[in-house]
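Peer 1: Contents of input-v4.txt (compact mmCIF, C-alpha atoms and all ligand atoms):
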```
# COMPACT_ATOMS: atom_id res chain seq x y z
CA MET A 1 -5.52 -24.79 -23.56
CA ASN A 2 -7.06 -22.98 -26.48
CA PRO A 3 -7.98 -25.12 -29.51
CA VAL A 4 -4.89 -25.57 -31.68
CA ASP A 5 -5.00 -25.16 -35.46
CA PRO A 6 -3.23 -28.34 -36.68
CA ASN A 7 -1.86 -26.48 -39.73
CA ALA A 8 -0.40 -23.64 -37.76
CA ASN A 9 3.35 -23.56 -37.22
CA PRO A 10 3.70 -23.46 -33.44
CA TYR A 11 7.29 -22.21 -33.72
CA ALA A 12 6.50 -19.16 -35.82
CA ALA A 13 7.06 -15.77 -34.28
CA PRO A 14 3.79 -14.01 -33.51
CA GLN A 15 2.48 -12.16 -36.58
CA THR A 16 1.16 -9.36 -34.47
CA ALA A 17 2.58 -8.00 -31.26
CA PRO A 18 0.51 -9.00 -28.23
CA ALA A 19 -1.79 -6.12 -27.30
CA TYR A 20 -0.62 -6.13 -23.70
CA VAL A 21 3.01 -5.21 -24.45
CA PRO A 22 3.20 -2.57 -27.19
CA ALA A 23 6.73 -1.80 -26.03
CA HIS A 24 8.42 -1.23 -29.38
CA GLY A 25 5.67 0.92 -30.82
CA TYR A 26 4.70 1.03 -34.47
CA GLY A 27 7.28 1.41 -37.22
CA HIS A 28 10.18 0.23 -35.05
CA ALA A 29 11.97 -3.08 -34.91
CA PRO A 30 10.20 -5.52 -32.59
CA SER A 31 11.83 -6.09 -29.25
CA PRO A 32 13.34 -9.44 -28.17
CA ALA A 33 10.89 -9.26 -25.28
CA PHE A 34 8.31 -10.94 -27.59
CA TYR A 35 10.34 -13.86 -28.90
CA THR A 36 11.30 -17.25 -27.67
CA TYR A 37 14.72 -18.38 -28.84
CA ARG A 38 17.43 -20.92 -28.14
CA GLU A 39 20.68 -20.27 -26.31
CA GLY A 40 22.81 -23.41 -26.00
CA ASP A 41 20.70 -26.05 -24.25
CA ALA A 42 18.27 -23.46 -22.86
CA VAL A 43 15.06 -21.99 -24.25
CA VAL A 44 15.03 -18.26 -23.55
CA HIS A 45 11.42 -17.32 -23.09
CA PRO A 46 9.83 -13.94 -22.31
CA ARG A 47 7.93 -14.06 -19.03
CA ARG A 48 4.78 -12.61 -20.59
CA ALA A 49 4.65 -14.57 -23.84
CA TRP A 50 3.23 -18.01 -24.70
CA LEU A 51 5.44 -20.98 -25.39
CA PRO A 52 4.97 -22.73 -28.79
CA ALA A 53 1.87 -24.96 -28.84
CA VAL A 54 3.89 -28.18 -28.63
CA CYS A 55 4.62 -30.57 -25.76
CA MET A 56 7.78 -29.23 -24.15
CA LYS A 57 8.88 -32.73 -23.08
CA CYS A 58 8.17 -34.89 -26.18
CA ALA A 59 7.38 -32.41 -29.02
CA ARG A 60 3.87 -33.78 -29.71
CA VAL A 61 1.46 -31.17 -31.07
CA ASP A 62 -1.88 -32.88 -30.40
CA GLY A 63 -3.85 -33.41 -27.20
CA LEU A 64 -2.09 -30.64 -25.34
CA VAL A 65 -2.91 -29.40 -21.87
CA THR A 66 -1.31 -26.55 -19.95
CA ARG A 67 0.41 -26.90 -16.62
CA ASP A 68 0.67 -23.78 -14.52
CA HIS A 69 4.26 -23.89 -13.28
CA LYS A 70 6.28 -21.62 -11.07
CA PHE A 71 9.94 -21.62 -12.09
CA GLN A 72 12.34 -20.76 -9.32
CA TYR A 73 15.97 -19.82 -9.55
CA THR A 74 18.43 -19.19 -6.73
CA PRO A 75 22.01 -18.19 -7.63
CA PRO A 76 24.16 -21.30 -7.02
CA TRP A 77 26.88 -19.34 -5.16
CA THR A 78 24.43 -18.89 -2.26
CA TYR A 79 24.93 -22.59 -1.42
CA GLY A 80 28.58 -21.75 -0.74
CA LEU A 81 27.49 -19.43 2.07
CA PHE A 82 26.24 -22.42 4.07
CA PHE A 83 29.61 -22.93 5.76
CA ALA A 84 30.20 -19.20 6.32
CA LEU A 85 26.78 -18.21 7.62
CA GLY A 86 25.05 -21.40 8.76
CA PRO A 87 21.75 -22.86 7.54
CA VAL A 88 19.30 -20.24 8.86
CA ALA A 89 21.12 -17.20 7.42
CA VAL A 90 21.62 -19.02 4.12
CA LEU A 91 17.91 -19.84 3.85
CA ILE A 92 17.10 -16.14 4.42
CA VAL A 93 19.67 -15.00 1.81
CA MET A 94 18.32 -17.59 -0.66
CA ALA A 95 14.74 -16.45 -0.11
CA LEU A 96 15.77 -12.83 -0.75
CA LEU A 97 17.72 -13.64 -3.93
CA ARG A 98 15.29 -16.20 -5.36
CA ASN A 99 13.58 -15.23 -8.60
CA ASN A 100 10.19 -16.70 -9.50
CA ALA A 101 8.36 -16.83 -12.81
CA ARG A 102 4.94 -18.41 -13.13
CA MET A 103 3.85 -19.44 -16.62
CA PRO A 104 1.68 -21.98 -18.46
CA ILE A 105 3.65 -24.94 -19.86
CA PRO A 106 2.18 -26.80 -22.88
CA LEU A 107 2.41 -30.58 -22.35
CA CYS A 108 0.69 -33.65 -23.78
CA ALA A 109 -1.47 -35.55 -21.29
CA PRO A 110 1.06 -38.41 -20.66
CA CYS A 111 3.94 -35.93 -20.07
CA ASP A 112 1.69 -33.89 -17.76
CA ALA A 113 0.79 -37.06 -15.80
CA ARG A 114 4.48 -38.01 -15.58
CA TRP A 115 5.35 -34.52 -14.30
CA ARG A 116 2.63 -34.80 -11.62
CA LYS A 117 3.79 -38.29 -10.51
CA THR A 118 7.42 -37.24 -10.21
CA THR A 119 6.37 -34.23 -8.09
CA ILE A 120 4.58 -36.63 -5.71
CA VAL A 121 7.69 -38.84 -5.53
CA LEU A 122 9.85 -35.78 -4.84
CA TRP A 123 7.67 -34.48 -2.00
CA SER A 124 7.38 -37.97 -0.48
CA THR A 125 11.18 -38.14 -0.37
CA VAL A 126 11.38 -34.65 1.15
CA GLY A 127 8.79 -35.75 3.74
CA LEU A 128 10.91 -38.78 4.66
CA MET A 129 14.00 -36.62 4.96
CA VAL A 130 12.24 -34.32 7.42
CA ALA A 131 10.40 -37.04 9.35
CA LEU A 132 13.23 -39.56 9.88
CA PRO A 133 15.57 -37.33 11.96
CA LEU A 134 12.59 -36.29 14.14
CA LEU A 135 11.59 -39.93 14.60
CA ALA A 136 15.23 -40.73 15.42
CA ILE A 137 15.17 -38.21 18.29
CA PHE A 138 12.00 -39.72 19.78
CA ALA A 139 13.18 -43.28 19.21
CA ALA A 140 16.54 -42.57 20.88
CA ALA A 141 14.71 -41.72 24.10
CA VAL A 142 13.32 -45.28 24.11
CA SER A 143 16.13 -47.25 22.51
CA GLU A 144 19.58 -46.04 21.51
CA VAL A 145 19.86 -48.64 18.75
CA ALA A 146 16.49 -47.67 17.24
CA GLY A 147 17.58 -44.03 17.29
CA GLN A 148 20.82 -44.84 15.51
CA VAL A 149 19.06 -46.94 12.88
CA LEU A 150 16.60 -44.14 12.13
CA LEU A 151 19.44 -41.61 11.98
CA ALA A 152 21.24 -43.82 9.46
CA LEU A 153 18.01 -44.04 7.45
CA SER A 154 17.88 -40.21 7.43
CA GLY A 155 21.23 -40.25 5.64
CA VAL A 156 19.83 -42.76 3.15
CA ALA A 157 16.82 -40.47 2.59
CA LEU A 158 19.16 -37.55 1.82
CA VAL A 159 20.95 -39.61 -0.82
CA ALA A 160 17.54 -40.78 -2.12
CA LEU A 161 16.47 -37.14 -2.46
CA LEU A 162 19.51 -36.35 -4.60
CA VAL A 163 18.94 -39.43 -6.76
CA VAL A 164 15.21 -38.71 -7.14
CA SER A 165 15.93 -35.07 -8.09
CA LEU A 166 18.46 -36.01 -10.76
CA VAL A 167 17.13 -39.32 -12.09
CA VAL A 168 13.35 -39.09 -11.63
CA VAL A 169 12.34 -35.42 -11.56
CA ARG A 170 14.84 -33.82 -13.91
CA PRO A 171 13.98 -35.92 -17.02
CA ALA A 172 10.24 -35.43 -16.49
CA GLN A 173 10.11 -31.72 -15.72
CA LEU A 174 11.53 -28.37 -16.79
CA ARG A 175 13.73 -26.16 -14.67
CA ALA A 176 15.09 -22.64 -14.81
CA LYS A 177 18.78 -22.03 -15.51
CA LYS A 178 18.34 -18.32 -14.89
CA ILE A 179 15.48 -15.83 -14.41
CA ASP A 180 15.68 -12.08 -14.88
CA HIS A 181 13.04 -9.35 -15.01
CA ALA A 182 12.08 -10.19 -18.59
CA HIS A 183 13.08 -13.76 -19.45
CA VAL A 184 13.31 -17.29 -18.12
CA TRP A 185 16.12 -19.61 -19.34
CA ILE A 186 14.36 -23.00 -19.42
CA LEU A 187 16.27 -26.30 -19.33
CA GLY A 188 14.84 -29.76 -20.05
CA VAL A 189 12.93 -28.89 -23.23
CA HIS A 190 12.78 -31.71 -25.83
CA GLN A 191 15.59 -31.54 -28.40
CA ASP A 192 13.18 -31.32 -31.38
CA VAL A 193 11.50 -28.27 -29.85
CA LEU A 194 14.87 -26.72 -29.07
CA GLU A 195 16.22 -27.26 -32.59
CA ARG A 196 13.22 -25.64 -34.27
CA LEU A 197 13.54 -22.41 -32.33
CA PRO A 198 15.71 -19.62 -33.75
CA SER A 199 19.20 -19.83 -32.26
CA GLN A 200 19.11 -16.16 -31.33
CA PHE A 201 16.80 -13.22 -31.54
CA VAL A 202 16.44 -12.00 -35.13
CA GLY A 203 14.84 -8.56 -35.27
ZN ZN A 301 4.60 -35.01 -24.24
```
Can you give me the file's structure in the form of structure tokens?
Ligand SMILES: [Zn+2]
Peer 2:
Amino acid sequence: MNPVDPNANPYAAPQTAPAYVPAHGYGHAPSPAFYTYREGDAVVHPRRAWLPAVCMKCARVDGLVTRDHKFQYTPPWTYGLFFALGPVAVLIVMALLRNNARMPIPLCAPCDARWRKTTIVLWSTVGLMVALPLLAIFAAAVSEVAGQVLLALSGVALVALLVVSLVVVRPAQLRAKKIDHAHVWILGVHQDVLERLPSQFVG
């Protein structure tokens, strides 16, 4: 993270257009492509701009670090294809329709540490969900009861994954509500940050 001027207003629109996107040219109204604004509970942020220099999770302005994060968004209707197409075809469709946006996220050190911990918890749960059914298959060859117990535990792991995603990961991280070619709609930003952003683009 670059050194932050404590007197600077991190929410202010850039005073000069970034040199790398002179899209609107001189003497014309600036384009919304430069500005971060609020839309309902989402922060609408241009892919190529910087977020305000404030912790996105707790609104602190000091001791910031940046976390390089890849937002991913898959249209929710693709989940509905599961029953029509089966898991393999759905995974292919999802991969084709998934939008990614990688960007630096300003966070304070404790929020960054919390984000990292919850990612570890999430992947541990995913690991259990993958490993338990495989173990159940091997165990069933030795003992039917052991196989059934492990299969039941796989179901528990699936529920645990849902709970971890909603209760552990979601409060500690940010997620994308939508991604297009120019913007990312970011959910999970602290209310104070959200409220200080303009509610829509003002040219
Ligand atoms: Zn924080």
Peer 1: Find the residues of chain A that sit at most 8 Å from ligand ZN 301 (chain A); for each, write down the nearest two atoms and how far apart they are in Å, to one decimal. Count all atoms listed in the file. Sort by chain, then by number going up, and give it as a Markdown table.
Peer 2:
```
| residue | atom | partner | partner_atom | distance |
| --- | --- | --- | --- | --- |
| A:Cys55 | CA | A:ZN301 | ZN | 4.7 |
| A:Met56 | CA | A:ZN301 | ZN | 6.6 |
| A:Lys57 | CA | A:ZN301 | ZN | 5.0 |
| A:Cys58 | CA | A:ZN301 | ZN | 4.1 |
| A:Ala59 | CA | A:ZN301 | ZN | 6.1 |
| A:Arg60 | CA | A:ZN301 | ZN | 5.7 |
| A:Leu107 | CA | A:ZN301 | ZN | 5.3 |
| A:Cys108 | CA | A:ZN301 | ZN | 4.2 |
| A:Ala109 | CA | A:ZN301 | ZN | 6.8 |
| A:Pro110 | CA | A:ZN301 | ZN | 6.1 |
| A:Cys111 | CA | A:ZN301 | ZN | 4.3 |
| A:Asp112 | CA | A:ZN301 | ZN | 7.2 |
```
Peer 1: Could you write out that same residue set with C-alpha atoms as a PDB file, in the frame of the given file?
Peer 2:
```pdb
ATOM      1  CA  CYS A  55       4.620 -30.570 -25.760  1.00  0.00           C
ATOM      2  CA  MET A  56       7.780 -29.230 -24.150  1.00  0.00           C
ATOM      3  CA  LYS A  57       8.880 -32.730 -23.080  1.00  0.00           C
ATOM      4  CA  CYS A  58       8.170 -34.890 -26.180  1.00  0.00           C
ATOM      5  CA  ALA A  59       7.380 -32.410 -29.020  1.00  0.00           C
ATOM      6  CA  ARG A  60       3.870 -33.780 -29.710  1.00  0.00           C
ATOM      7  CA  LEU A 107       2.410 -30.580 -22.350  1.00  0.00           C
ATOM      8  CA  CYS A 108       0.690 -33.650 -23.780  1.00  0.00           C
ATOM      9  CA  ALA A 109      -1.470 -35.550 -21.290  1.00  0.00           C
ATOM     10  CA  PRO A 110       1.060 -38.410 -20.660  1.00  0.00           C
ATOM     11  CA  CYS A 111       3.940 -35.930 -20.070  1.00  0.00           C
ATOM     12  CA  ASP A 112       1.690 -33.890 -17.760  1.00  0.00           C
TER      13      ASP A 112
END
```
Peer 1: Tell me, in Å to one decimal, how far CA of Val167 in chain A is from CA of Leu122 in chain A.
Peer 2: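 Rounded to one decimal, the two atoms are 10.9 Å apart.
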Peer 1: Residues within 9 Å of Ile105 in chain A, please, as a list in words. Count only C-alpha atoms; anything in the same chain fewer than 2 positions from it doesn't count.
Peer 2: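 That gives Trp50, Leu51, Cys55, Met56, Val65, Thr66, Arg67, Asp68, His69, Met103 and Leu107 of chain A.
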Peer 1: Counting only C-alpha atoms, note down every residue that has an atom within 12 Å of the point (20.6, -27.8, -27.3) (file coordinates), as a compact mmCIF listing (two decimals) with C-alpha atoms, in the coordinates of the input.
Peer 2:
```txt
# COMPACT_ATOMS: atom_id res chain seq x y z
CA TYR A 37 14.72 -18.38 -28.84
CA ARG A 38 17.43 -20.92 -28.14
CA GLU A 39 20.68 -20.27 -26.31
CA GLY A 40 22.81 -23.41 -26.00
CA ASP A 41 20.70 -26.05 -24.25
CA ALA A 42 18.27 -23.46 -22.86
CA VAL A 43 15.06 -21.99 -24.25
CA VAL A 44 15.03 -18.26 -23.55
CA ILE A 186 14.36 -23.00 -19.42
CA LEU A 187 16.27 -26.30 -19.33
CA GLY A 188 14.84 -29.76 -20.05
CA VAL A 189 12.93 -28.89 -23.23
CA HIS A 190 12.78 -31.71 -25.83
CA GLN A 191 15.59 -31.54 -28.40
CA ASP A 192 13.18 -31.32 -31.38
CA VAL A 193 11.50 -28.27 -29.85
CA LEU A 194 14.87 -26.72 -29.07
CA GLU A 195 16.22 -27.26 -32.59
CA ARG A 196 13.22 -25.64 -34.27
CA LEU A 197 13.54 -22.41 -32.33
CA PRO A 198 15.71 -19.62 -33.75
CA SER A 199 19.20 -19.83 -32.26
```
Peer 1: Can you list, as a PyMOL selection string, every protein, DNA or RNA residue that comes within 12 Å of Val121 in chain A when you count all atoms listed in the file, leaving out same-chain residues fewer than 2 positions away?
Peer 2: chain A and resi 114-119+123-128+160-161+163-165+167-169+172
Peer 1: With C-alpha atoms kept, could you save the residues just selected as a compact mmCIF listing (two decimals), in the frame of the given file?
Peer 2:
```txt
# COMPACT_ATOMS: atom_id res chain seq x y z
CA ARG A 114 4.48 -38.01 -15.58
CA TRP A 115 5.35 -34.52 -14.30
CA ARG A 116 2.63 -34.80 -11.62
CA LYS A 117 3.79 -38.29 -10.51
CA THR A 118 7.42 -37.24 -10.21
CA THR A 119 6.37 -34.23 -8.09
CA TRP A 123 7.67 -34.48 -2.00
CA SER A 124 7.38 -37.97 -0.48
CA THR A 125 11.18 -38.14 -0.37
CA VAL A 126 11.38 -34.65 1.15
CA GLY A 127 8.79 -35.75 3.74
CA LEU A 128 10.91 -38.78 4.66
CA ALA A 160 17.54 -40.78 -2.12
CA LEU A 161 16.47 -37.14 -2.46
CA VAL A 163 18.94 -39.43 -6.76
CA VAL A 164 15.21 -38.71 -7.14
CA SER A 165 15.93 -35.07 -8.09
CA VAL A 167 17.13 -39.32 -12.09
CA VAL A 168 13.35 -39.09 -11.63
CA VAL A 169 12.34 -35.42 -11.56
CA ALA A 172 10.24 -35.43 -16.49
```
Peer 1: Just the residues within 9 Å of Leu150 in chain A, please, counting all atoms listed in the file, with nothing from its chain fewer than 5 positions along; format it as a list in words.
Peer 2: Leu132, Pro133, Leu135, Ala136, Ile137, Ala139, Ala140, Val145 and Gly155 of chain A
Peer 1: What is the CA of Phe83 in chain A to CA of Val130 in chain A distance in Å?
Peer 2: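 Atom-to-atom, CA of Phe83 in chain A to CA of Val130 in chain A, that is 20.8 Å.
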Peer 1: What separation in Å, quoted to one decimal, exists between CA of Leu174 in chain A and CA of Arg102 in chain A?
Peer 2: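 Atom-to-atom, CA of Leu174 in chain A and CA of Arg102 in chain A are spaced 12.5 Å apart.
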Peer 1: Closest to Ala113 in chain A among A:Ala12, A:Leu64, A:Ile92, A:Leu81, using only C-alpha atoms?
Peer 2: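 Using only C-alpha atoms, Ala113 in chain A sits closest to A:Leu64.
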Peer 1: Need to verify the contact set: Pro75 in chain A, 8 Å, all atoms listed in the file, exclusion of same-chain residues closer than 5 positions in sequence. Can you return it as a list in words?
Peer 2: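 Answer for this query is Met94, Leu97 and Arg98 of chain A.
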Peer 1: Select, from A:Arg175, A:Gln200, A:Gly147, A:Thr36, the residue with the minimum atom-to-atom distance to Arg48 in chain A, counting only C-alpha atoms.
Peer 2: A:Thr36
Peer 1: Near Val93 in chain A, counting all atoms listed in the file, which residues have an atom at most 10 Å away, once you skip same-chain residues fewer than 5 positions from it, shown as a list in words?
Peer 2: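 Here the answer would be Thr74, Thr78, Tyr79, Leu81, Leu85, Pro87, Val88 and Arg98 of chain A.
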